[in-house]
file entry32.csv (CSV, C-alpha atoms)
chain,number,residue,atom,x,y,z
A,1,MET,CA,0.0,0.0,0.0
A,2,ILE,CA,2.9,2.4,0.8
A,3,ASP,CA,4.3,1.8,-2.7
A,4,ILE,CA,0.9,2.5,-4.3
A,5,GLU,CA,0.5,5.7,-2.2
A,6,THR,CA,4.1,6.8,-3.2
A,7,ALA,CA,3.4,6.2,-6.9
A,8,ASN,CA,0.1,8.1,-6.7
A,9,THR,CA,1.9,11.0,-5.0
A,10,VAL,CA,4.3,11.2,-7.9
A,11,ARG,CA,1.4,11.1,-10.4
A,12,PHE,CA,-0.4,13.8,-8.4
A,13,ILE,CA,2.6,16.1,-8.5
A,14,LYS,CA,3.0,15.6,-12.3
A,15,GLN,CA,-0.7,16.3,-12.9
A,16,LEU,CA,-0.6,19.5,-10.9
A,17,ASN,CA,2.6,20.6,-12.7
A,18,ASP,CA,0.9,19.8,-16.0
A,19,ALA,CA,-2.0,22.0,-14.9
A,20,GLY,CA,0.4,24.9,-14.4
A,21,ILE,CA,0.5,24.6,-10.6
A,22,LYS,CA,4.2,24.7,-9.7
A,23,MET,CA,5.4,23.3,-6.4
A,24,ASN,CA,8.4,22.3,-4.5
A,25,VAL,CA,10.3,19.1,-5.3
A,26,VAL,CA,9.8,16.2,-3.0
A,27,ARG,CA,12.3,13.3,-3.0
A,28,ALA,CA,10.8,9.9,-3.6
A,29,ASP,CA,12.4,8.5,-0.4
A,30,LEU,CA,10.7,11.3,1.7
A,31,SER,CA,7.4,10.6,0.0
A,32,HIS,CA,7.8,6.9,0.9
A,33,MET,CA,8.6,7.7,4.5
A,34,LEU,CA,5.6,10.0,4.8
A,35,SER,CA,3.3,7.4,3.3
A,36,SER,CA,4.6,4.9,5.7
A,37,ALA,CA,3.9,7.2,8.6
A,38,MET,CA,0.4,7.9,7.4
A,39,PHE,CA,-0.5,4.3,7.2
A,40,ASN,CA,1.0,3.5,10.5
A,41,GLY,CA,-1.1,6.2,12.0
A,42,ILE,CA,-4.3,4.9,10.4
A,43,PHE,CA,-3.5,1.3,11.5
A,44,GLU,CA,-3.4,2.5,15.1
A,45,VAL,CA,-7.2,2.2,15.2
A,46,VAL,CA,-6.8,-1.5,14.9
A,47,ALA,CA,-3.9,-1.7,17.4
A,48,HIS,CA,-6.0,0.2,20.0
A,49,ASP,CA,-9.3,-1.6,19.1
A,50,LEU,CA,-11.2,1.7,18.7
A,51,PRO,CA,-15.0,1.6,18.1
A,52,ARG,CA,-16.0,2.1,14.5
A,53,GLU,CA,-17.3,5.7,14.9
A,54,GLU,CA,-14.3,6.8,17.0
A,55,ALA,CA,-11.9,5.2,14.4
A,56,ARG,CA,-13.6,7.1,11.6
A,57,GLY,CA,-13.1,10.4,13.4
A,58,TYR,CA,-9.5,9.5,14.2
A,59,ILE,CA,-8.7,8.5,10.6
A,60,LYS,CA,-10.3,11.8,9.4
A,61,GLN,CA,-8.0,13.8,11.7
A,62,VAL,CA,-5.0,11.8,10.4
A,63,GLN,CA,-6.0,12.6,6.8
A,64,ASP,CA,-6.4,16.3,7.6
A,65,PHE,CA,-3.0,16.4,9.3
A,66,PHE,CA,-1.2,14.8,6.4
A,67,SER,CA,-3.1,16.8,3.7
A,68,ALA,CA,-2.1,20.0,5.4
A,69,GLY,CA,1.4,18.8,5.7
A,70,TRP,CA,1.7,17.8,2.1
A,71,ASP,CA,0.2,21.2,1.0
A,72,LYS,CA,2.9,23.0,3.1
A,73,LEU,CA,5.7,20.7,2.0
A,74,LEU,CA,4.8,21.1,-1.7
A,75,GLY,CA,4.4,24.9,-1.3
A,76,LEU,CA,0.9,24.8,-2.7
A,77,PRO,CA,-1.2,27.9,-2.5
A,78,THR,CA,-4.2,27.6,-0.2
A,79,ASP,CA,-6.6,27.8,-3.1
A,80,TRP,CA,-4.8,25.3,-5.4
A,81,GLN,CA,-7.9,23.0,-5.7
A,82,LYS,CA,-9.9,25.8,-7.3
A,83,SER,CA,-7.3,25.8,-10.2
A,84,LEU,CA,-8.3,22.3,-11.2
A,85,LYS,CA,-12.0,23.0,-11.7
call {"tool": "encode", "arguments": {"input": "entry32.csv", "output": "structure tokens"}}
result
Amino acid sequence: MIDIETANTVRFIKQLNDAGIKMNVVRADLSHMLSSAMFNGIFEVVAHDLPREEARGYIKQVQDFFSAGWDKLLGLPTDWQKSLK
């Protein structure tokens, strides 16, 4: 799953560059490490046997955290998603 996430990150960066949204360069090994950290965080819901609804909220917070981190790391403007519409 980590390799799939890493490959999708590379594809995402290429698509944004192709759409004219320039961003910072991110090394593949850093992308791999961050993907690994994200999945480890998500899998904590299993390790801690969280109830389903609590797990959903936890995973949403992990997603929000990593999304904000990626936006910052890539140097994306706050409104970058509007550029794709």
call {"tool": "closest_residue", "arguments": {"input": "entry32.csv", "among": "A:Ala55, A:His32, A:Asn40, A:Leu76", "to": "A:Gly20", "atoms": "only C-alpha atoms"}}
result
A:Leu76
call {"tool": "atom_distance", "arguments": {"input": "entry32.csv", "atom1": "atom CA of A:Gly69", "atom2": "atom CA of A:Leu50"}}
result
24.9 Å
call {"tool": "atom_distance", "arguments": {"input": "entry32.csv", "atom1": "atom CA of A:Gln15", "atom2": "atom CA of A:Lys60"}}
result
24.7 Å
call {"tool": "residues_near_point", "arguments": {"input": "entry32.csv", "point": "(-0.6, 8.9, 11.9)", "cutoff": "10 Å", "atoms": "all atoms listed in the file", "output": "compact mmCIF listing (two decimals) with C-alpha atoms, keeping the file's coordinate frame"}}
result
# COMPACT_ATOMS: atom_id res chain seq x y z
CA LEU A 34 5.60 10.00 4.80
CA SER A 35 3.30 7.40 3.30
CA SER A 36 4.60 4.90 5.70
CA ALA A 37 3.90 7.20 8.60
CA MET A 38 0.40 7.90 7.40
CA PHE A 39 -0.50 4.30 7.20
CA ASN A 40 1.00 3.50 10.50
CA GLY A 41 -1.10 6.20 12.00
CA ILE A 42 -4.30 4.90 10.40
CA PHE A 43 -3.50 1.30 11.50
CA GLU A 44 -3.40 2.50 15.10
CA VAL A 45 -7.20 2.20 15.20
CA TYR A 58 -9.50 9.50 14.20
CA ILE A 59 -8.70 8.50 10.60
CA GLN A 61 -8.00 13.80 11.70
CA VAL A 62 -5.00 11.80 10.40
CA GLN A 63 -6.00 12.60 6.80
CA PHE A 65 -3.00 16.40 9.30
CA PHE A 66 -1.20 14.80 6.40
call {"tool": "atom_distance", "arguments": {"input": "entry32.csv", "atom1": "atom CA of A:Leu74", "atom2": "atom CA of A:Val10"}}
result
11.7 Å
call {"tool": "closest_residue", "arguments": {"input": "entry32.csv", "among": "A:Arg56, A:Lys82, A:His48, A:Lys72", "to": "A:Val25", "atoms": "only C-alpha atoms"}}
result
A:Lys72
call {"tool": "closest_residue", "arguments": {"input": "entry32.csv", "among": "A:Leu16, A:Thr78, A:Ala7, A:Pro51", "to": "A:Asp29", "atoms": "all atoms listed in the file"}}
result
A:Ala7
